[in-house]
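Reproduced below: target-v2.txt, with compact mmCIF, C-alpha atoms.
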```
# COMPACT_ATOMS: atom_id res chain seq x y z
CA MET U 718 -12.15 -2.97 3.58
CA PRO U 719 -13.88 0.01 5.14
CA GLY U 720 -13.46 3.06 3.01
CA ALA U 721 -11.00 1.59 0.56
CA SER U 722 -13.04 1.26 -2.61
CA SER U 723 -12.40 -1.89 -4.56
CA TRP U 724 -13.11 -3.21 -7.98
CA SER U 725 -12.66 -6.43 -9.81
CA PHE U 726 -12.89 -7.42 -13.41
CA GLN U 727 -14.08 -10.49 -15.17
CA GLU U 728 -12.38 -12.44 -17.90
CA SER U 729 -14.53 -10.72 -20.56
CA ASP U 730 -13.45 -7.29 -19.23
CA PHE U 731 -9.82 -8.33 -19.28
CA LYS U 732 -10.19 -9.61 -22.84
CA ALA U 733 -11.76 -6.33 -23.97
CA ILE U 734 -9.03 -4.28 -22.26
CA SER U 735 -6.28 -6.39 -23.82
CA GLU U 736 -7.85 -6.11 -27.28
CA HIS U 737 -7.96 -2.31 -27.06
CA MET U 738 -4.40 -2.20 -25.82
CA ASN U 739 -3.18 -4.54 -28.57
CA SER U 740 -4.84 -2.51 -31.25
CA LEU U 741 -3.25 0.68 -29.85
CA LEU U 742 0.10 -1.12 -29.87
CA ARG U 743 -0.28 -1.96 -33.57
CA GLU U 744 -1.54 1.49 -34.57
CA THR U 745 1.21 3.43 -32.81
CA ASN U 746 4.20 1.11 -33.03
CA VAL U 747 5.06 1.76 -29.38
CA LYS U 748 7.26 -0.87 -27.67
CA SER U 749 4.89 -1.74 -24.88
CA LEU U 750 1.81 -0.61 -23.00
CA LEU U 751 1.13 -1.04 -19.30
CA LEU U 752 -2.00 -0.46 -17.33
CA VAL U 753 -1.29 0.45 -13.73
CA ASP U 754 -3.79 1.27 -11.02
CA ARG U 755 -3.48 4.36 -8.86
CA THR U 756 -2.39 2.35 -5.84
CA GLY U 757 0.67 1.10 -7.74
CA GLN U 758 -0.34 -2.35 -8.96
CA VAL U 759 0.13 -3.66 -12.50
CA VAL U 760 -3.23 -4.45 -14.10
CA ALA U 761 -2.23 -5.43 -17.64
CA ASN U 762 0.76 -5.43 -19.94
CA VAL U 763 1.02 -5.87 -23.73
CA GLY U 764 3.89 -5.66 -26.21
CA ALA U 765 7.55 -6.31 -25.47
CA PRO U 766 7.97 -7.87 -22.01
CA PRO U 767 9.47 -5.30 -19.63
CA THR U 768 13.20 -5.53 -18.97
CA PHE U 769 12.66 -3.85 -15.58
CA ASP U 770 10.84 -4.80 -12.39
CA PRO U 771 7.17 -4.14 -13.30
CA GLN U 772 6.09 -3.81 -9.65
CA ALA U 773 8.66 -1.12 -8.90
CA PHE U 774 7.72 0.57 -12.18
CA ALA U 775 4.03 0.53 -11.25
CA SER U 776 4.61 1.97 -7.78
CA LEU U 777 6.71 4.80 -9.20
CA THR U 778 4.18 5.47 -11.98
CA ALA U 779 1.34 5.80 -9.47
CA ALA U 780 3.47 8.09 -7.28
CA ASP U 781 4.49 10.15 -10.32
CA PHE U 782 0.89 10.66 -11.35
CA SER U 783 -0.33 11.41 -7.83
CA ALA U 784 2.45 13.96 -7.26
CA ASN U 785 1.62 15.66 -10.54
CA ASP U 786 -2.07 15.75 -9.62
CA GLN U 787 -1.17 17.74 -6.54
CA LEU U 788 1.03 20.07 -8.60
CA ALA U 789 -1.90 20.62 -10.97
CA LYS U 790 -4.16 21.61 -8.10
CA MET U 791 -1.56 24.07 -6.84
CA ILE U 792 -1.60 25.98 -10.11
CA GLY U 793 -5.39 25.92 -10.25
CA GLU U 794 -5.86 22.97 -12.61
CA HIS U 795 -8.17 20.11 -11.72
CA GLU U 796 -5.60 17.55 -12.90
CA PHE U 797 -2.97 16.77 -15.51
CA SER U 798 -4.70 14.08 -17.48
CA SER U 799 -1.52 13.09 -19.29
CA LEU U 800 2.23 13.26 -18.69
CA PHE U 801 5.18 12.92 -21.02
CA HIS U 802 8.72 11.99 -20.01
CA GLN U 803 11.29 12.38 -22.75
CA GLY U 804 14.52 10.40 -22.78
CA GLU U 805 17.40 10.29 -25.24
CA LYS U 806 16.28 6.97 -26.72
CA GLU U 807 13.28 5.83 -24.73
CA SER U 808 10.30 7.95 -23.74
CA MET U 809 7.06 7.40 -21.94
CA TYR U 810 3.60 8.85 -22.21
CA LEU U 811 1.11 8.41 -19.36
CA ALA U 812 -2.62 9.00 -19.54
CA ASP U 813 -5.29 8.91 -16.85
CA ILE U 814 -8.28 6.59 -17.21
CA ALA U 815 -11.35 7.26 -15.06
CA HIS U 816 -9.16 8.67 -12.24
CA ARG U 817 -8.32 5.16 -11.13
CA VAL U 818 -6.01 3.66 -13.73
CA ILE U 819 -3.02 4.91 -15.73
CA LEU U 820 -2.16 3.85 -19.27
CA VAL U 821 1.60 3.97 -19.87
CA ALA U 822 3.08 3.86 -23.38
CA LEU U 823 6.80 3.13 -23.66
CA PHE U 824 8.28 4.05 -27.03
CA ASP U 825 11.45 4.84 -28.93
CA ASN U 826 12.20 6.58 -32.23
CA LYS U 827 10.14 4.07 -34.23
CA THR U 828 7.14 6.30 -33.57
CA THR U 829 6.47 9.94 -32.68
CA LEU U 830 4.97 11.69 -29.68
CA GLY U 831 2.26 13.19 -31.92
CA MET U 832 1.16 9.78 -33.09
CA VAL U 833 1.20 8.33 -29.58
CA ARG U 834 -0.73 11.28 -28.14
CA LEU U 835 -3.36 11.15 -30.89
CA LYS U 836 -3.99 7.42 -30.73
CA VAL U 837 -3.81 7.16 -26.95
CA LYS U 838 -6.56 9.76 -26.69
CA GLY U 839 -8.98 7.51 -28.59
CA THR U 840 -8.09 4.44 -26.52
CA VAL U 841 -8.43 6.41 -23.28
CA GLU U 842 -11.98 7.38 -24.23
CA VAL U 843 -12.96 3.78 -24.91
CA LEU U 844 -11.21 2.41 -21.81
CA THR U 845 -12.70 5.13 -19.59
CA LYS U 846 -16.21 3.98 -20.53
CA LEU U 847 -15.24 0.37 -19.97
CA PHE U 848 -13.72 1.03 -16.53
CA GLU U 849 -16.55 3.27 -15.40
CA ALA U 850 -19.00 0.50 -16.22
CA MET U 851 -16.86 -1.94 -14.20
CA PHE U 852 -16.65 0.38 -11.19
CA ALA U 853 -20.41 0.94 -11.26
CA ARG U 854 -20.97 -2.79 -11.29
CA ALA U 855 -18.40 -3.66 -8.64
CA GLY U 856 -19.62 -1.24 -5.98
CA THR U 857 -17.23 -0.30 -3.22
CA GLU U 858 -17.03 -3.46 -1.17
CA GLN U 859 -13.93 -5.59 -1.16
CA PRO U 860 -14.87 -8.95 -2.67
CA LYS U 861 -14.40 -11.74 -0.11
CA LEU U 862 -12.07 -14.54 -1.06
CA GLU U 863 -13.72 -17.90 -0.85
CA GLY U 864 -12.21 -20.14 1.80
CA PHE U 865 -10.13 -17.39 3.39
CA ALA U 866 -12.32 -17.26 6.48
CA SER U 867 -11.90 -21.00 7.08
CA LYS U 868 -9.84 -22.65 9.81
CA GLU U 869 -7.66 -24.27 7.11
CA ALA U 870 -6.81 -20.85 5.68
CA GLU U 871 -5.97 -19.56 9.14
CA ASP U 872 -3.61 -22.52 9.67
CA GLU U 873 -1.94 -21.85 6.32
CA ILE U 874 -1.51 -18.17 7.18
CA ASP U 875 0.01 -19.11 10.54
CA LYS U 876 2.36 -21.55 8.82
CA LEU U 877 3.67 -18.85 6.46
CA PHE U 878 5.40 -17.30 9.43
CA GLY U 879 6.58 -20.48 11.14
CA MET R 342 -7.33 -2.20 -1.53
CA SER R 343 -5.80 -5.57 -2.22
CA MET R 344 -5.63 -6.67 -5.83
CA ILE R 345 -6.71 -10.24 -6.44
CA ASN R 346 -5.83 -11.83 -9.75
CA TYR R 347 -7.83 -15.01 -10.15
CA ALA R 348 -6.14 -15.90 -13.43
CA SER R 349 -2.61 -16.03 -12.03
CA ARG R 350 -3.86 -16.85 -8.48
CA GLU R 351 -2.07 -13.89 -6.93
CA ILE R 352 -2.99 -11.51 -4.12
CA ASN R 353 -1.21 -8.17 -3.90
CA CYS R 354 -1.57 -6.16 -0.69
CA LYS R 355 -0.24 -2.76 0.30
CA LEU R 356 1.33 -2.14 3.72
CA VAL R 357 2.39 1.34 4.80
CA TYR R 358 4.93 2.09 7.55
CA TYR R 359 3.97 5.42 9.10
CA GLY R 360 5.47 7.47 11.94
CA PRO R 361 7.57 10.47 12.91
CA GLY R 362 10.81 11.41 11.16
CA LEU R 363 13.92 9.38 12.04
CA GLY R 364 11.75 6.83 13.85
CA GLY R 365 13.08 3.81 11.90
CA LYS R 366 10.54 3.17 9.13
CA THR R 367 13.17 2.87 6.39
CA THR R 368 15.35 0.79 8.75
CA ASN R 369 12.47 -1.70 9.09
CA LEU R 370 12.32 -2.12 5.31
CA GLU R 371 16.10 -2.35 4.99
CA HIS R 372 16.17 -5.15 7.53
CA VAL R 373 13.42 -7.07 5.73
CA TYR R 374 15.27 -6.56 2.45
CA GLY R 375 18.50 -7.87 3.96
CA LYS R 376 16.97 -10.96 5.54
CA VAL R 377 14.40 -12.19 3.02
CA ASN R 378 15.53 -14.70 0.41
CA PRO R 379 16.41 -12.68 -2.75
CA ASN R 380 14.04 -14.91 -4.77
CA ALA R 381 11.15 -13.82 -2.57
CA ARG R 382 11.65 -10.09 -2.82
CA GLY R 383 12.06 -7.37 -5.43
CA LYS R 384 14.29 -4.31 -5.48
CA LEU R 385 14.22 -1.83 -2.61
CA ILE R 386 13.35 1.51 -4.18
CA SER R 387 14.19 4.57 -2.08
CA LEU R 388 13.22 8.07 -3.06
CA ALA R 389 15.43 9.88 -0.57
CA THR R 390 17.38 13.11 -0.28
CA GLU R 391 21.18 13.15 -0.47
CA THR R 392 21.27 12.89 3.32
CA GLU R 393 19.22 9.67 3.15
CA ARG R 394 16.06 11.23 4.53
CA THR R 395 12.98 9.77 2.82
CA LEU R 396 11.66 12.33 0.36
CA PHE R 397 8.69 10.48 -1.12
CA PHE R 398 8.70 6.80 -0.14
CA ASP R 399 10.62 3.53 0.06
CA PHE R 400 9.12 0.53 -1.68
CA LEU R 401 9.82 -3.18 -1.27
CA PRO R 402 7.73 -6.04 -2.72
CA VAL R 403 7.93 -9.30 -0.73
CA ASP R 404 6.40 -12.72 -1.50
CA LEU R 405 5.24 -14.39 1.68
CA GLY R 406 4.02 -17.74 0.40
CA THR R 407 0.82 -19.47 -0.67
CA VAL R 408 -2.57 -19.44 1.05
CA ARG R 409 -5.50 -21.43 -0.37
CA GLY R 410 -3.56 -21.71 -3.63
CA PHE R 411 -3.03 -17.96 -3.92
CA LYS R 412 0.49 -16.52 -4.03
CA THR R 413 0.58 -13.67 -1.50
CA ARG R 414 2.66 -10.63 -2.34
CA PHE R 415 3.01 -7.66 -0.04
CA HIS R 416 4.05 -4.22 -1.20
CA LEU R 417 5.80 -2.49 1.69
CA TYR R 418 5.91 1.31 1.61
CA THR R 419 7.29 3.88 4.01
CA VAL R 420 6.23 7.52 4.10
CA PRO R 421 8.48 10.53 4.71
CA GLY R 422 8.18 11.22 8.43
CA GLN R 423 9.06 14.87 8.46
CA VAL R 424 6.05 17.11 9.10
CA TYR R 425 6.97 19.19 6.06
CA TYR R 426 6.20 16.35 3.62
CA ASN R 427 2.53 15.79 4.41
CA ALA R 428 1.36 16.13 0.80
CA SER R 429 3.52 13.22 -0.35
CA ARG R 430 2.81 11.25 2.83
CA LYS R 431 -0.90 11.33 2.17
CA LEU R 432 -0.50 10.09 -1.41
CA ILE R 433 1.18 6.88 -0.24
CA LEU R 434 -1.82 5.92 1.91
CA LYS R 435 -4.01 5.58 -1.15
CA GLY R 436 -5.35 2.02 -1.37
CA VAL R 437 -3.62 0.87 1.84
CA ASP R 438 -4.52 -2.58 3.24
CA GLY R 439 -2.58 -2.44 6.51
CA VAL R 440 -0.69 0.17 8.52
CA VAL R 441 2.33 -0.11 10.82
CA PHE R 442 2.93 2.90 13.03
CA VAL R 443 6.63 3.03 13.94
CA ALA R 444 6.91 5.12 17.10
CA ASP R 445 10.22 6.47 18.40
CA SER R 446 10.40 5.37 22.05
CA GLN R 447 12.65 8.23 23.15
CA LEU R 448 11.02 10.52 25.70
CA GLU R 449 12.02 13.57 23.64
CA ARG R 450 10.08 12.22 20.66
CA MET R 451 6.78 11.70 22.47
CA GLU R 452 5.28 14.88 21.05
CA ALA R 453 6.44 14.01 17.51
CA ASN R 454 4.85 10.55 17.91
CA ILE R 455 1.53 12.02 19.00
CA GLU R 456 1.54 14.56 16.19
CA SER R 457 2.32 11.85 13.62
CA MET R 458 -0.42 9.54 14.98
CA GLN R 459 -2.93 12.37 14.76
CA ASN R 460 -1.73 13.09 11.23
CA LEU R 461 -2.22 9.42 10.32
CA TYR R 462 -5.83 9.45 11.57
CA ASP R 463 -6.47 12.71 9.68
CA ASN R 464 -4.96 11.54 6.40
CA MET R 465 -6.78 8.21 6.57
CA ALA R 466 -10.06 9.99 7.29
CA GLU R 467 -9.56 12.24 4.26
CA TYR R 468 -9.62 9.12 2.08
CA GLY R 469 -12.65 7.85 3.98
CA TYR R 470 -10.62 5.02 5.59
CA ASP R 471 -11.27 4.06 9.19
CA LEU R 472 -8.03 3.18 10.99
CA THR R 473 -9.92 1.31 13.70
CA ARG R 474 -11.36 -1.06 11.13
CA ILE R 475 -8.34 -1.93 9.02
CA PRO R 476 -5.30 -4.02 10.03
CA PHE R 477 -3.19 -1.71 12.19
CA VAL R 478 -0.10 -2.51 14.28
CA VAL R 479 2.02 -0.23 16.47
CA GLN R 480 5.75 -0.75 16.82
CA TYR R 481 7.69 0.87 19.68
CA ASN R 482 11.14 1.21 18.19
CA LYS R 483 14.52 2.06 19.77
CA ARG R 484 13.75 0.12 22.95
CA ASP R 485 17.49 -0.24 23.60
CA LEU R 486 18.05 3.47 24.21
CA PRO R 487 18.48 4.67 27.81
CA ASN R 488 15.98 7.49 27.30
CA ALA R 489 13.21 5.16 26.04
CA ALA R 490 9.85 5.90 27.65
CA PRO R 491 8.08 3.00 29.45
CA VAL R 492 5.76 1.03 27.15
CA LYS R 493 2.89 1.81 29.53
CA ASP R 494 3.31 5.55 28.89
CA LEU R 495 3.61 5.04 25.13
CA GLN R 496 0.44 2.95 25.14
CA ALA R 497 -1.45 5.58 27.11
CA ALA R 498 -0.37 8.33 24.72
CA LEU R 499 -0.49 6.57 21.35
CA ASN R 500 -2.64 3.48 21.65
CA PRO R 501 -5.25 4.01 24.39
CA GLY R 502 -7.93 2.09 22.47
CA TRP R 503 -11.18 2.82 20.71
CA PRO R 504 -14.78 1.75 21.47
CA VAL R 505 -15.98 -1.51 19.94
CA SER R 506 -19.60 -1.39 18.82
CA ASP R 507 -19.72 -4.61 16.77
CA PRO R 508 -21.12 -7.31 19.13
CA ALA R 509 -19.20 -9.98 17.19
CA LYS R 510 -15.94 -8.35 18.27
CA GLN R 511 -16.95 -7.86 21.91
CA LYS R 512 -14.90 -10.77 23.20
CA VAL R 513 -12.05 -10.57 25.71
CA THR R 514 -8.88 -11.06 23.66
CA PRO R 515 -5.52 -11.45 25.42
CA ASP R 516 -2.60 -9.44 24.10
CA PRO R 517 -0.04 -11.97 22.77
CA THR R 518 2.82 -9.51 23.37
CA PHE R 519 2.14 -8.48 26.95
CA PRO R 520 0.93 -11.01 29.55
CA ASN R 521 -2.09 -9.88 31.60
CA GLU R 522 -2.98 -7.25 28.99
CA PHE R 523 -5.75 -7.36 26.40
CA LEU R 524 -6.39 -6.30 22.81
CA VAL R 525 -10.15 -6.28 23.39
CA TRP R 526 -11.62 -5.85 26.87
CA GLN R 527 -14.56 -4.41 28.78
CA ILE R 528 -14.02 -1.34 30.95
CA ASP R 529 -15.81 -0.50 34.23
CA THR R 530 -18.58 1.41 32.48
CA GLY R 531 -19.48 -1.73 30.53
CA GLU R 532 -18.09 -0.36 27.27
CA TRP R 533 -15.87 -2.56 25.11
CA VAL R 534 -12.50 -1.24 24.03
CA GLU R 535 -9.99 -2.45 21.46
CA ARG R 536 -6.45 -1.40 20.80
CA ALA R 537 -3.87 -2.11 18.13
CA PRO R 538 -1.43 -5.00 18.62
CA VAL R 539 2.01 -3.75 19.66
CA HIS R 540 5.59 -4.89 19.18
CA GLU R 541 8.72 -3.61 20.85
CA ALA R 542 11.65 -3.27 18.46
CA VAL R 543 15.25 -2.30 17.91
CA ALA R 544 15.04 -2.03 14.13
CA VAL R 545 18.77 -1.35 13.59
CA LYS R 546 19.48 -4.78 15.08
CA GLY R 547 16.43 -6.33 13.45
CA ASP R 548 14.70 -7.05 16.79
CA GLY R 549 10.92 -6.98 16.42
CA VAL R 550 10.98 -6.17 12.69
CA PHE R 551 9.69 -9.51 11.41
CA GLU R 552 7.33 -9.92 14.36
CA THR R 553 5.69 -6.63 13.36
CA LEU R 554 5.51 -7.62 9.69
CA LYS R 555 4.05 -11.00 10.61
CA THR R 556 1.32 -9.51 12.78
CA VAL R 557 0.15 -6.97 10.22
CA SER R 558 0.37 -9.40 7.26
CA LYS R 559 -1.66 -12.00 9.12
CA LEU R 560 -4.33 -9.44 9.92
CA VAL R 561 -4.45 -8.35 6.26
CA LEU R 562 -4.73 -11.91 4.94
CA LYS R 563 -7.40 -12.79 7.48
CA SER R 564 -9.36 -9.67 6.51
CA LEU R 565 -9.67 -11.06 2.97
CA GLY R 566 -11.90 -13.92 4.10
```
Show how you would write the structure in this file as structure tokens.
Amino acid sequence: MPGASSWSFQESDFKAISEHMNSLLRETNVKSLLLVDRTGQVVANVGAPPTFDPQAFASLTAADFSANDQLAKMIGEHEFSSLFHQGEKESMYLADIAHRVILVALFDNKTTLGMVRLKVKGTVEVLTKLFEAMFARAGTEQPKLEGFASKEAEDEIDKLFG
Amino acid sequence: MSMINYASREINCKLVYYGPGLGGKTTNLEHVYGKVNPNARGKLISLATETERTLFFDFLPVDLGTVRGFKTRFHLYTVPGQVYYNASRKLILKGVDGVVFVADSQLERMEANIESMQNLYDNMAEYGYDLTRIPFVVQYNKRDLPNAAPVKDLQAALNPGWPVSDPAKQKVTPDPTFPNEFLVWQIDTGEWVERAPVHEAVAVKGDGVFETLKTVSKLVLKSLG
């Protein structure tokens, strides 16, 4: 895709990401953790399964972060690397990873903001290194899907629409 | 930037409906939402003002079916059309896989259409995306109105075509929508020109809505191969 930089991760990357997220989950006692990319897609999810539509959540998270980035620039900041939304019972803490991915922690009164902030910071550092290595390896070309250029694939695509 | 998950065999693609204010972008999504089987779509999220003008975006995820064993899911977004909201409009284009430009056919809106098209090119270029090289479809909406401009005039103003330098693409391609017209053709000077596929629509009645979605989705899926 011209211009649109892409990345992909391998099973070993996914395993490493999940391990870091699971250990953060245990250390902080948050309800769940989501990893969302800046275009609004869910990358990973650990902890309690979401009771909401994860796709809608991811699109709003990405928009939330992007809007706040612009607000940061307006007041002369480069970015807001983390955001906190406080609710009566449920709260969420969002942290940027390598400018491409957002780590979202959903928590209630079983933990504290201080604890979440402290522990997330460590995980963000580790995940940033991991993602930067992946981006460097992936380059900026969209990986081609095997078989998608074939006549059979074209027929299947045509059939989707009757 | 489509996201391909090999583990769950899923492809997620992002489509953005762009165009001038009150042109019918949200109406396109509302029609898709109303007609698609509820099992094949998610919630329609609208970030709108109290007067139902889009403030940030509308969002609708739709499952289209399986290709080569991959489940294909499209995330449909609209942008706020009003000139004032350019900052939020630009954010939505991030990672886009395909664009639908919803033009308002009314003669009075010609200038707004041109301004919005220019704004689309500018915002795409700021991300380093090339609109002439990604799946792009133009929809001429509100064709039922008495003050609708002729399609020929809309084409000349909004979709005149761009030069094709890739020899592989220099092949006369008939326009499936308009007989005797072409999507790729050679002009008198010998240069090759391509323009975006077009659909006429009356989005409030649903006319042309799915045709537009089909054309852009097909182009996106084919671009993955």
Counting only C-alpha atoms, the option among U:Phe801, U:Phe852, U:Phe726, U:Phe865 closest to chain R: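 With only C-alpha atoms as the atom set, the closest residue is U:Phe865.
With all atoms listed in the file as the basis for measurement, U:Leu844 is the residue among U:Leu862, U:Leu844, U:Val753, U:Met851 that approaches Met738 of chain U most closely.
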With a distance cut-off of 12 Å and only C-alpha atoms, select the neighbouring residues of Gln803 of chain U, excluding the residue or stretch itself and same-chain residues fewer than 4 positions from it, and output the selection as a PDB file with C-alpha atoms, in the coordinates of the input.
```pdb
ATOM      1  CA  GLU U 807      13.280   5.830 -24.730  1.00  0.00           C
ATOM      2  CA  SER U 808      10.300   7.950 -23.740  1.00  0.00           C
ATOM      3  CA  MET U 809       7.060   7.400 -21.940  1.00  0.00           C
ATOM      4  CA  TYR U 810       3.600   8.850 -22.210  1.00  0.00           C
ATOM      5  CA  LEU U 811       1.110   8.410 -19.360  1.00  0.00           C
ATOM      6  CA  ALA U 822       3.080   3.860 -23.380  1.00  0.00           C
ATOM      7  CA  LEU U 823       6.800   3.130 -23.660  1.00  0.00           C
ATOM      8  CA  PHE U 824       8.280   4.050 -27.030  1.00  0.00           C
ATOM      9  CA  ASP U 825      11.450   4.840 -28.930  1.00  0.00           C
ATOM     10  CA  ASN U 826      12.200   6.580 -32.230  1.00  0.00           C
ATOM     11  CA  THR U 829       6.470   9.940 -32.680  1.00  0.00           C
ATOM     12  CA  LEU U 830       4.970  11.690 -29.680  1.00  0.00           C
TER      13      LEU U 830
END
```
Contact residues (chain R, partner chain U, 9 Å, only C-alpha atoms) as an MDAnalysis selection string: chainID R and resid 342:346 348 353 355 383:386 397:398 400:402 405:409 416 428:429 432:438 466 468:472 474:475 555 558:559 562:566
Atom CA of Asn464 of chain R to atom CA of Gly362 of chain R, distance in Å rounded to a single decimal: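 For atom CA of Asn464 of chain R relative to atom CA of Gly362 of chain R, the distance reads 16.5 Å.
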Contacts of Tyr481 of chain R within 6 Å, only C-alpha atoms, excl. fewer than 6 positions in-chain, as a VMD selection string: chain R and resid 444 446 541 to 542
Non-local contacts of Glu351 of chain R (8 Å; only C-alpha atoms; under 4 positions in same chain excluded) as a ChimeraX atom specification: /R:345-347,411-414
Nearest to Lys846 of chain U, chosen from U:Ile734, U:Met791, U:Lys827, U:Asn746, with all atoms listed in the file counted in the distances: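 The closest residue to Lys846 of chain U is U:Ile734.
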Distance in Å - atom CA of Asn378 of chain R versus atom CA of Phe415 of chain R: 14.4 Å
Show me, as an mmCIF file with C-alpha atoms, in the coordinates of the input, the residues that have an atom within 7 Å of Thr745 of chain U when counting all atoms listed in the file, minus same-chain residues fewer than 5 positions from it.
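Heads up, here's the output in part-v2.cif:
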```
data_model
loop_
_atom_site.group_PDB
_atom_site.id
_atom_site.type_symbol
_atom_site.label_atom_id
_atom_site.label_comp_id
_atom_site.auth_asym_id
_atom_site.auth_seq_id
_atom_site.Cartn_x
_atom_site.Cartn_y
_atom_site.Cartn_z
ATOM 1 C CA THR U 828 7.140 6.300 -33.570
ATOM 2 C CA MET U 832 1.160 9.780 -33.090
ATOM 3 C CA VAL U 833 1.200 8.330 -29.580
ATOM 4 C CA LYS U 836 -3.990 7.420 -30.730
#
```
Using all atoms listed in the file: which of R:Trp526, R:Leu396, R:Leu448, R:Tyr358 has the shortest distance to Pro487 of chain R: R:Leu448
R:Thr553, R:Ser387, R:Ala544, R:Met451 ranked by distance to Asp494 of chain R, top pick (using all atoms listed in the file): R:Met451
Separation of atom CA of Leu370 of chain R from atom CA of Pro421 of chain R, in Å and rounded to one decimal: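 Going from atom CA of Leu370 of chain R over to atom CA of Pro421 of chain R, I get 13.2 Å.
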Of the listed residues U:Leu788, U:Leu742, U:Leu752, U:Leu835, that which approaches Arg817 of chain U most closely, counting all atoms listed in the file: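 Checking each of U:Leu788, U:Leu742, U:Leu752, U:Leu835 against Arg817 of chain U, counting all atoms listed in the file, the winner is U:Leu752.
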Selection: 12 Å around Val513 of chain R, only C-alpha atoms, excl. self and same-chain fewer than 5 positions, as a PyMOL selection string: chain R and resi 505+508+521-528+532-536
N, CA and C atoms for segment 425-437 of chain R, written as a JSON list (two decimals), in the coordinates of the input, could you do that?
```json
[["chain", "number", "residue", "atom", "x", "y", "z"],
["R", 425, "TYR", "N", 6.95, 18.40, 7.28],
["R", 425, "TYR", "CA", 6.97, 19.19, 6.06],
["R", 425, "TYR", "C", 6.39, 18.44, 4.84],
["R", 426, "TYR", "N", 6.57, 17.11, 4.81],
["R", 426, "TYR", "CA", 6.20, 16.35, 3.62],
["R", 426, "TYR", "C", 4.79, 15.76, 3.66],
["R", 427, "ASN", "N", 3.85, 16.42, 4.27],
["R", 427, "ASN", "CA", 2.53, 15.79, 4.41],
["R", 427, "ASN", "C", 1.85, 15.48, 3.08],
["R", 428, "ALA", "N", 2.04, 16.36, 2.09],
["R", 428, "ALA", "CA", 1.36, 16.13, 0.80],
["R", 428, "ALA", "C", 1.78, 14.79, 0.21],
["R", 429, "SER", "N", 3.08, 14.50, 0.22],
["R", 429, "SER", "CA", 3.52, 13.22, -0.35],
["R", 429, "SER", "C", 3.14, 12.06, 0.56],
["R", 430, "ARG", "N", 3.16, 12.31, 1.88],
["R", 430, "ARG", "CA", 2.81, 11.25, 2.83],
["R", 430, "ARG", "C", 1.38, 10.74, 2.59],
["R", 431, "LYS", "N", 0.51, 11.69, 2.36],
["R", 431, "LYS", "CA", -0.90, 11.33, 2.17],
["R", 431, "LYS", "C", -1.10, 10.49, 0.90],
["R", 432, "LEU", "N", -0.35, 10.82, -0.14],
["R", 432, "LEU", "CA", -0.50, 10.09, -1.41],
["R", 432, "LEU", "C", -0.21, 8.60, -1.24],
["R", 433, "ILE", "N", 0.77, 8.28, -0.40],
["R", 433, "ILE", "CA", 1.18, 6.88, -0.24],
["R", 433, "ILE", "C", 0.09, 6.05, 0.43],
["R", 434, "LEU", "N", -0.76, 6.68, 1.21],
["R", 434, "LEU", "CA", -1.82, 5.92, 1.91],
["R", 434, "LEU", "C", -2.92, 5.43, 0.98],
["R", 435, "LYS", "N", -2.94, 5.95, -0.22],
["R", 435, "LYS", "CA", -4.01, 5.58, -1.15],
["R", 435, "LYS", "C", -4.05, 4.06, -1.36],
["R", 436, "GLY", "N", -5.19, 3.47, -1.12],
["R", 436, "GLY", "CA", -5.35, 2.02, -1.37],
["R", 436, "GLY", "C", -4.65, 1.13, -0.35],
["R", 437, "VAL", "N", -4.37, 1.65, 0.84],
["R", 437, "VAL", "CA", -3.62, 0.87, 1.84],
["R", 437, "VAL", "C", -4.47, -0.28, 2.41]]
```
